Structures are given as structure tokens and as C-alpha cells.
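Asks: Just one file: entry24.cif, with mmCIF, C-alpha atoms.
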```
data_coords
#
loop_
_atom_site.label_atom_id
_atom_site.label_comp_id
_atom_site.auth_asym_id
_atom_site.auth_seq_id
_atom_site.Cartn_x
_atom_site.Cartn_y
_atom_site.Cartn_z
CA MET A 1 -3.64 16.95 -24.24
CA THR A 2 -3.37 13.33 -23.10
CA GLN A 3 -6.65 11.64 -22.22
CA LEU A 4 -6.08 10.66 -18.59
CA PRO A 5 -7.85 7.77 -16.87
CA ARG A 6 -10.74 9.01 -14.72
CA LEU A 7 -8.90 7.62 -11.68
CA VAL A 8 -5.24 6.66 -11.20
CA ALA A 9 -4.48 4.45 -8.17
CA PHE A 10 -1.03 3.76 -6.75
CA ASP A 11 0.78 1.48 -4.39
CA LEU A 12 2.95 3.52 -1.98
CA ASP A 13 6.23 1.84 -0.97
CA ASP A 14 8.63 1.37 -3.89
CA THR A 15 6.01 2.87 -6.24
CA LEU A 16 5.53 6.46 -5.03
CA ALA A 17 8.33 6.56 -2.46
CA PRO A 18 11.30 4.56 -1.19
CA SER A 19 10.17 2.02 1.39
CA LYS A 20 8.89 3.73 4.60
CA SER A 21 10.37 7.05 3.41
CA PRO A 22 8.86 10.40 2.36
CA VAL A 23 8.19 11.03 -1.32
CA GLU A 24 11.03 12.72 -3.16
CA PRO A 25 10.59 16.31 -4.48
CA ARG A 26 10.33 15.12 -8.09
CA MET A 27 7.52 12.72 -7.24
CA LEU A 28 5.78 15.35 -5.11
CA ASP A 29 5.72 17.68 -8.09
CA VAL A 30 4.40 15.21 -10.67
CA PHE A 31 1.91 13.68 -8.21
CA SER A 32 0.55 17.14 -7.37
CA ARG A 33 0.15 17.93 -11.07
CA LEU A 34 -1.73 14.67 -11.57
CA LEU A 35 -4.10 15.54 -8.68
CA GLU A 36 -4.92 18.83 -10.38
CA ARG A 37 -6.16 16.94 -13.44
CA THR A 38 -7.83 13.71 -12.31
CA THR A 39 -8.95 11.64 -9.32
CA VAL A 40 -6.12 9.82 -7.52
CA ALA A 41 -6.04 7.00 -4.97
CA VAL A 42 -3.27 5.41 -2.93
CA ILE A 43 -3.78 1.84 -1.67
CA SER A 44 -0.95 0.20 0.23
CA GLY A 45 -0.08 -2.07 3.14
CA GLY A 46 1.10 0.75 5.40
CA ASN A 47 -1.07 2.24 8.13
CA PHE A 48 -2.61 5.71 7.92
CA GLU A 49 0.21 7.27 9.96
CA GLN A 50 2.67 5.98 7.38
CA PHE A 51 0.58 7.53 4.59
CA GLU A 52 0.66 10.85 6.45
CA MET A 53 4.43 10.77 6.97
CA GLN A 54 5.34 9.63 3.47
CA LEU A 55 2.84 11.54 1.34
CA VAL A 56 0.03 13.54 2.91
CA ALA A 57 2.16 15.85 5.07
CA ARG A 58 4.37 16.63 2.07
CA LEU A 59 1.35 17.49 -0.09
CA GLU A 60 -0.06 19.77 2.61
CA GLN A 61 3.31 21.46 3.16
CA ALA A 62 3.58 22.05 -0.59
CA GLY A 63 0.40 24.12 -0.40
CA LEU A 64 -1.75 21.89 -2.59
CA ARG A 65 -5.23 23.36 -2.98
CA GLU A 66 -8.03 21.81 -0.87
CA THR A 67 -10.04 21.12 -4.03
CA ALA A 68 -7.14 18.99 -5.26
CA LEU A 69 -6.77 17.16 -1.93
CA GLU A 70 -10.48 16.34 -2.09
CA GLU A 71 -9.69 14.35 -5.25
CA LEU A 72 -7.33 12.10 -3.23
CA HIS A 73 -8.61 8.80 -1.82
CA LEU A 74 -6.46 6.99 0.75
CA LEU A 75 -6.80 3.25 1.41
CA PRO A 76 -4.24 2.17 4.03
CA THR A 77 -3.59 -1.40 5.19
CA CYS A 78 -4.35 -2.92 1.76
CA GLY A 79 -7.78 -1.30 1.47
CA THR A 80 -9.05 -2.38 4.89
CA ARG A 81 -9.46 1.32 5.71
CA TYR A 82 -10.70 4.21 3.53
CA GLU A 83 -10.07 7.93 4.15
CA ARG A 84 -11.51 10.93 2.27
CA ARG A 85 -10.70 14.63 2.54
CA ASP A 86 -13.63 16.63 3.91
CA ALA A 87 -13.62 20.25 5.12
CA GLY A 88 -9.83 20.31 5.55
CA ALA A 89 -9.56 17.01 7.46
CA TRP A 90 -9.49 13.29 6.74
CA ARG A 91 -12.72 11.40 7.35
CA THR A 92 -12.88 7.61 7.78
CA VAL A 93 -15.34 6.02 5.33
CA TYR A 94 -14.86 2.49 6.76
CA ARG A 95 -12.45 0.25 8.69
CA GLU A 96 -12.54 -3.55 8.43
CA HIS A 97 -11.01 -4.72 11.71
CA LEU A 98 -9.74 -8.19 12.42
CA THR A 99 -11.13 -9.74 15.60
CA GLN A 100 -8.78 -10.05 18.56
CA ALA A 101 -8.72 -13.84 18.06
CA GLU A 102 -7.79 -13.40 14.39
CA ARG A 103 -5.02 -10.93 15.24
CA ASP A 104 -3.63 -13.23 17.94
CA ALA A 105 -3.64 -16.21 15.55
CA ALA A 106 -1.91 -14.13 12.85
CA LEU A 107 0.79 -12.85 15.19
CA THR A 108 1.48 -16.35 16.52
CA ALA A 109 1.64 -17.97 13.07
CA LEU A 110 3.96 -15.26 11.71
CA ARG A 111 6.41 -15.57 14.58
CA GLU A 112 6.44 -19.37 14.73
CA GLU A 113 6.80 -19.86 10.97
CA ALA A 114 9.47 -17.15 10.68
CA GLU A 115 11.46 -18.85 13.43
CA ARG A 116 10.98 -22.29 11.86
CA LEU A 117 12.21 -21.00 8.47
CA GLY A 118 15.17 -19.15 10.00
CA LEU A 119 13.71 -15.75 9.06
CA TRP A 120 13.38 -14.26 12.56
CA GLU A 121 16.29 -11.81 12.52
CA ALA A 122 18.27 -10.83 15.62
CA GLU A 123 19.32 -7.39 14.33
CA THR A 124 16.30 -5.25 13.52
CA TRP A 125 15.22 -1.61 13.30
CA GLY A 126 11.97 -1.48 15.28
CA GLU A 127 9.29 -4.10 15.83
CA ILE A 128 9.07 -7.13 13.54
CA LEU A 129 5.36 -7.70 14.19
CA GLU A 130 2.76 -4.91 14.06
CA ASP A 131 -0.93 -5.12 14.93
CA ARG A 132 -2.63 -2.45 12.79
CA GLY A 133 -6.16 -3.40 13.83
CA SER A 134 -7.42 -4.14 10.34
CA GLN A 135 -4.12 -5.78 9.33
CA VAL A 136 -1.26 -7.67 10.95
CA THR A 137 2.13 -7.08 9.35
CA PHE A 138 5.47 -8.91 9.57
CA SER A 139 8.52 -6.80 8.70
CA ALA A 140 11.59 -9.02 8.73
CA LEU A 141 14.05 -6.26 9.66
CA GLY A 142 11.65 -3.96 11.51
CA GLN A 143 9.58 -1.03 10.30
CA ARG A 144 12.49 1.46 10.29
CA ALA A 145 15.16 -0.62 8.56
CA PRO A 146 17.28 1.28 6.00
CA VAL A 147 16.04 0.87 2.43
CA GLU A 148 19.33 -0.58 1.15
CA VAL A 149 19.41 -3.20 3.92
CA LYS A 150 15.84 -4.28 3.17
CA GLN A 151 16.57 -4.53 -0.55
CA ALA A 152 19.55 -6.78 0.13
CA TRP A 153 17.72 -9.11 2.54
CA ASP A 154 15.47 -10.86 -0.02
CA PRO A 155 16.23 -9.58 -3.54
CA ASP A 156 14.30 -12.34 -5.33
CA GLY A 157 11.41 -12.51 -2.86
CA ALA A 158 12.02 -16.20 -2.05
CA LYS A 159 12.20 -15.75 1.74
CA LYS A 160 9.06 -13.66 1.90
CA ASN A 161 7.12 -15.98 -0.40
CA ALA A 162 8.13 -19.04 1.65
CA LEU A 163 6.87 -17.36 4.82
CA ARG A 164 3.64 -16.26 3.14
CA ALA A 165 2.92 -19.81 1.96
CA ALA A 166 3.66 -21.33 5.37
CA VAL A 167 1.46 -18.84 7.24
CA ALA A 168 -1.36 -19.06 4.67
CA ALA A 169 -1.50 -22.84 5.19
CA ARG A 170 -2.05 -22.25 8.92
CA LEU A 171 -4.63 -19.48 8.48
CA PRO A 172 -6.96 -20.55 5.65
CA GLU A 173 -9.71 -18.25 6.96
CA LEU A 174 -7.54 -15.14 6.53
CA GLU A 175 -5.89 -13.36 3.58
CA VAL A 176 -2.08 -13.66 3.62
CA ARG A 177 -0.10 -11.64 1.05
CA SER A 178 3.50 -10.64 0.38
CA GLY A 179 3.77 -6.91 1.01
CA GLY A 180 6.78 -4.64 0.61
CA SER A 181 10.38 -5.68 0.23
CA THR A 182 10.53 -7.54 3.58
CA SER A 183 6.90 -7.74 4.69
CA VAL A 184 3.93 -10.11 4.82
CA ASP A 185 0.42 -8.69 5.43
CA ILE A 186 -2.61 -10.48 6.89
CA THR A 187 -6.20 -9.19 6.61
CA ARG A 188 -9.70 -10.66 6.73
CA ARG A 189 -10.42 -13.14 3.94
CA GLY A 190 -11.52 -11.36 0.77
CA ILE A 191 -10.24 -7.97 1.92
CA ASP A 192 -7.28 -7.07 -0.22
CA LYS A 193 -6.43 -4.40 -2.77
CA ALA A 194 -9.13 -5.70 -5.14
CA TYR A 195 -11.65 -5.11 -2.35
CA GLY A 196 -10.32 -1.58 -1.99
CA MET A 197 -10.62 -0.94 -5.74
CA ARG A 198 -14.24 -2.10 -5.71
CA LYS A 199 -14.91 0.30 -2.83
CA LEU A 200 -13.32 3.08 -4.87
CA ALA A 201 -15.69 2.33 -7.73
CA GLU A 202 -18.67 2.44 -5.34
CA GLN A 203 -17.62 5.70 -3.71
CA THR A 204 -16.62 7.56 -6.88
CA GLY A 205 -19.00 6.12 -9.45
CA ILE A 206 -15.98 5.49 -11.69
CA GLY A 207 -15.91 2.10 -13.42
CA LEU A 208 -12.98 -0.25 -12.85
CA ASP A 209 -12.29 -0.21 -16.59
CA GLU A 210 -11.92 3.60 -16.42
CA MET A 211 -9.19 3.35 -13.77
CA LEU A 212 -5.45 2.71 -13.96
CA PHE A 213 -3.48 1.03 -11.18
CA VAL A 214 0.29 1.58 -10.85
CA GLY A 215 2.31 -0.80 -8.66
CA ASP A 216 5.60 -2.64 -8.23
CA ARG A 217 4.18 -5.98 -7.00
CA LEU A 218 1.86 -7.14 -9.78
CA ASP A 219 3.44 -10.61 -9.82
CA PRO A 220 1.17 -13.47 -8.66
CA ASP A 221 2.79 -13.53 -5.19
CA GLY A 222 2.56 -9.75 -4.72
CA ASN A 223 -0.10 -7.79 -2.86
CA ASP A 224 -0.83 -5.71 -5.98
CA TYR A 225 -1.80 -8.81 -7.96
CA PRO A 226 -5.48 -8.93 -6.83
CA VAL A 227 -6.00 -5.63 -8.67
CA LYS A 228 -4.65 -7.13 -11.89
CA ALA A 229 -6.73 -10.28 -11.41
CA LEU A 230 -9.80 -8.07 -10.98
CA GLY A 231 -9.30 -6.79 -14.52
CA VAL A 232 -8.29 -3.21 -13.69
CA PRO A 233 -5.84 -1.81 -16.29
CA CYS A 234 -2.39 -1.87 -14.67
CA GLN A 235 1.04 -0.34 -15.15
CA ALA A 236 3.97 -2.24 -13.63
CA VAL A 237 6.85 -0.14 -12.31
CA ASP A 238 10.20 -0.79 -10.69
CA GLY A 239 10.75 1.88 -8.06
CA TRP A 240 9.51 5.45 -7.62
CA GLU A 241 11.78 6.84 -10.34
CA ASP A 242 10.10 4.54 -12.87
CA THR A 243 6.70 5.78 -11.66
CA ALA A 244 7.79 9.41 -12.01
CA ASP A 245 8.99 8.75 -15.58
CA PHE A 246 5.64 7.11 -16.40
CA LEU A 247 3.64 10.01 -14.96
CA GLU A 248 5.70 12.56 -16.84
CA ARG A 249 4.80 10.75 -20.07
CA LEU A 250 1.16 10.45 -19.01
CA LEU A 251 0.91 14.20 -18.29
CA ALA A 252 2.90 15.31 -21.33
#
```
What would the structure in this file look like if it were written as C-alpha cells?
Replies:
Amino acid sequence: MTQLPRLVAFDLDDTLAPSKSPVEPRMLDVFSRLLERTTVAVISGGNFEQFEMQLVARLEQAGLRETALEELHLLPTCGTRYERRDAGAWRTVYREHLTQAERDAALTALREEAERLGLWEAETWGEILEDRGSQVTFSALGQRAPVEVKQAWDPDGAKKNALRAAVAARLPELEVRSGGSTSVDITRRGIDKAYGMRKLAEQTGIGLDEMLFVGDRLDPDGNDYPVKALGVPCQAVDGWEDTADFLERLLA
């Protein structure tokens, strides 16, 4: 039997599921099998409601045992929030909110720089700017844009990276990171996915060197990169199918 890491952590969008979409049946199966054998965490830019829609509700509907769900750690909004399963419900361990002034500054900078760079789109699917309390997120085409449209908007990441750099220059006191295929995320300075991984180590007693992180944005401009820079062993993937293939090998 393969020696599994003591904890396997994942990004969500484009790692476990298509962007803003529920996990596919194949991923649900292999993810559930992984949860039966080791501790699992999901750390991503989406809010908790997105985690519930994409993953948690599917796991609960599949009849996953409570003891397995208790091995699942959820860190929405890039680790600025931490949820654990306790007595059949999710319990908030912490939330690192931005101040109202910080959120206002982030929303203003995102809109003004997107307009200046010609990235404020007229045709969108939902809101472009979202205040998630502990994170402010820019989604160029809106939160509900079709996956194929989002993939075509910025295939090489140049638009998103230009916006990230412009906003970061205006907000040196905050953390500005490229998120999913069309998004830029802003959190408090020093609170990113590396912060979330450290919190995982504190809560579980599992060393960072005993973990494995799986993500699709481990490049220096991506919001998964802080985990790699922290020294956590990482597995780069390209889409949820790649992740499913990797997990099948890991569990073989």
C-alpha cells in the first residue's frame, strides 16, 4: 500500500473542480477515498458558500461517513477563514477580516486600475467585484461566467498579472494575488495560502514537511505559490482531470 502524506491539501477551482462548478463524479469518488485514508484540506480563493456548492454538498449527498468528514479542513478565501467539522456541522476556527477602510481601498483600486488597463468588461455574468469580508475579489467576467469563456479571456495570464501588479503598487499594506482564471484576490498583508498552511500545521500537529499541496497556480504570480515558497512539498496539476489521475496513482 502506498505511503500517503499525513495531510494532502488542495486548491479548489481548476484543481478539484472546473471553475465555480461542482466536482465531477470521478473526482468525488477519488476524493472520498482519499478522505477515508488520510487528512485532507482545501484552501482556495472562493468563499465558504462556494466550497459548499462545489464540494461539501456533494460529499454529504454521497453519504460520506462523519468520521471521514471530520478529517476535512476547509480554508476559504485563501486561508483567511478556517472551518472544521464538529458534531455534524461546520465550526469556524478563525476569520481574518479586512477593515472597512481596507475593503473600500481594495474595491476602489481594483475598479480604477481595471478601467485604466481596459479590463473592465461590459458583458459579464454576475458582479465583477465581491466583498467577502476577509477577502476582496475581482472577477473580470463575473462570478458565474461560463468556464470556456473565462479560459478564453486570458489564456496566458497576462491581463490578470498586469492588474495584480498595478493594484499591488497602490496597496502596499495589503496582499494582492492572482487567483483563478480571471480573478485577483486581496487579503490582509501576510495572510495568504502559506498562512493557511501554517494554521493547518498548528491545528493538526502535522509538520509542513509531512504534507503535500496540489494546485494549478504554483507559478510565481499564482496564489498557490506562497505554499511552494514556504517549502511544503507540492504537486503541480493542469485541471481537475490531471488531479484525478494523480490521486488514482497515489491511492493505487
Asks: Under the PyMOL selection byres ((chain A and resi 146-150) around 9), which residues of this model are included? Write them out as a PyMOL selection string.
Replies: chain A and resi 18-21+125+140-141+144-145+151-155+181-182
Asks: Pick out the closest residue to Thr204 of chain A from this set: A:Leu218, A:Ala165, A:Val40, A:Val232. Count only C-alpha atoms.
Replies: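 Closest candidate: A:Val40.
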Asks: Starting from the PyMOL selection byres ((chain A and resi 191-203) around 7), expand the selection into actual residues of this file and give them as a list in words.
Replies: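 Taken over the shown coordinates, the PyMOL selection byres ((chain A and resi 191-203) around 7) returns Ile43, Leu75, Cys78, Gly79, Thr80, Thr187, Arg188, Arg189, Gly190, Thr204, Gly205, Ile206, Gly207, Leu208, Asp224, Pro226, Val227 and Leu230 of chain A.
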Asks: Please report the interatomic distance between atom CA of Thr92 of chain A and atom CA of Trp240 of chain A in Å with one decimal.
Replies: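 The value is 27.3 Å.
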Asks: Give me, as a list in words, all polymer residues having an atom no more than 10 Å from segment 61-67 of chain A, counting all atoms listed in the file and skipping those fewer than 5 positions away in the same chain.
Replies: Pro25, Leu28, Asp29, Ser32, Arg33, Leu35, Glu36, Val56, Leu72, Arg85, Asp86, Ala87, Gly88 and Ala89 of chain A
Asks: Could you turn the residues from that selection into a file that holds C-alpha atoms, as a compact mmCIF listing (two decimals), keeping the file's coordinate frame?
Replies:
```txt
# COMPACT_ATOMS: atom_id res chain seq x y z
CA PRO A 25 10.59 16.31 -4.48
CA LEU A 28 5.78 15.35 -5.11
CA ASP A 29 5.72 17.68 -8.09
CA SER A 32 0.55 17.14 -7.37
CA ARG A 33 0.15 17.93 -11.07
CA LEU A 35 -4.10 15.54 -8.68
CA GLU A 36 -4.92 18.83 -10.38
CA VAL A 56 0.03 13.54 2.91
CA LEU A 72 -7.33 12.10 -3.23
CA ARG A 85 -10.70 14.63 2.54
CA ASP A 86 -13.63 16.63 3.91
CA ALA A 87 -13.62 20.25 5.12
CA GLY A 88 -9.83 20.31 5.55
CA ALA A 89 -9.56 17.01 7.46
```
Asks: So that I can check the surroundings of Ile186 of chain A, please list as an NGL selection string every protein, DNA and RNA residue that reaches within 10 Å of it, counting only C-alpha atoms and ignoring chain neighbours fewer than 2 positions away.
Replies: :A and (45 or 77-78 or 98 or 102-103 or 106-107 or 110 or 131-132 or 134-138 or 164 or 167-168 or 171 or 174-179 or 184 or 188-189 or 191-192)
Asks: Go through the shown structure with the PyMOL selection byres ((chain A and resi 15) around 9) and write out the matching residues as an MDAnalysis selection string.
Replies: chainID A and resid 10:14 16:19 214:216 237:244
Asks: Determine the nearest neighbour of Phe213 of chain A from the options A:Ser44, A:Gln3, A:Gln143, A:Thr124, counting only C-alpha atoms.
Replies: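 Comparing A:Ser44, A:Gln3, A:Gln143, A:Thr124 against Phe213 of chain A, the winner is A:Ser44.
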Asks: Any idea what the distance is between atom CA of Asn161 of chain A and atom CA of Glu123 of chain A?
Replies: 21.0 Å
Asks: Separation of atom CA of Phe31 of chain A and atom CA of Tyr94 of chain A, in Å?
Replies: 25.1 Å
Asks: Which one of A:Ala105, A:Ala122, A:Cys234, A:Ala229 sits closest to Arg170 of chain A if you count only C-alpha atoms?
Replies: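 Under the stated criterion, the closest residue is A:Ala105.
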Asks: Name the closest residue to Thr38 of chain A among the candidates A:Glu70, A:Asp104, A:Asp245, A:Glu130; distances are taken between atoms, counting only C-alpha atoms.
Replies: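 The answer is A:Glu70, which sits nearest to Thr38 of chain A.
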Asks: For a quick check of understanding, using all atoms listed in the file, which of A:Trp90, A:Ala166, A:Ser183, A:Val42 has the smallest distance to Ile128 of chain A?
Replies: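 Closest to Ile128 of chain A of all the choices is A:Ser183.
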Asks: Which is closest to Glu96 of chain A among A:Leu74, A:Leu69, A:Gly133, A:Ala109, if we use all atoms listed in the file?
Replies: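 Between A:Leu74, A:Leu69, A:Gly133, A:Ala109, the residue approaching Glu96 of chain A most closely is A:Gly133.
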Asks: If you take every atom of segment 220-223 of chain A that the file lists and fit an axis-aligned box around them with 8 Å extra on each side, what centre and edge lengths come out in Å to one decimal, as lines of an AutoDock Vina configuration file?
Replies:
```
center_x = 1.3
center_y = -10.7
center_z = -5.8
size_x = 18.9
size_y = 21.7
size_z = 21.8
```
Asks: Which residues are near Ala252 of chain A? Cut-off 12 Å, only C-alpha atoms, ignore same chain within fewer than 3 positions. Put them as a PDB file with C-alpha atoms, in the frame of the given file.
Replies:
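That gives us out-v1.pdb:
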```pdb
ATOM      1  CA  MET A   1      -3.640  16.950 -24.240  1.00  0.00           C
ATOM      2  CA  THR A   2      -3.370  13.330 -23.100  1.00  0.00           C
ATOM      3  CA  GLN A   3      -6.650  11.640 -22.220  1.00  0.00           C
ATOM      4  CA  LEU A   4      -6.080  10.660 -18.590  1.00  0.00           C
ATOM      5  CA  VAL A  30       4.400  15.210 -10.670  1.00  0.00           C
ATOM      6  CA  ARG A  33       0.150  17.930 -11.070  1.00  0.00           C
ATOM      7  CA  LEU A  34      -1.730  14.670 -11.570  1.00  0.00           C
ATOM      8  CA  ASP A 245       8.990   8.750 -15.580  1.00  0.00           C
ATOM      9  CA  PHE A 246       5.640   7.110 -16.400  1.00  0.00           C
ATOM     10  CA  LEU A 247       3.640  10.010 -14.960  1.00  0.00           C
ATOM     11  CA  GLU A 248       5.700  12.560 -16.840  1.00  0.00           C
ATOM     12  CA  ARG A 249       4.800  10.750 -20.070  1.00  0.00           C
TER      13      ARG A 249
END
```
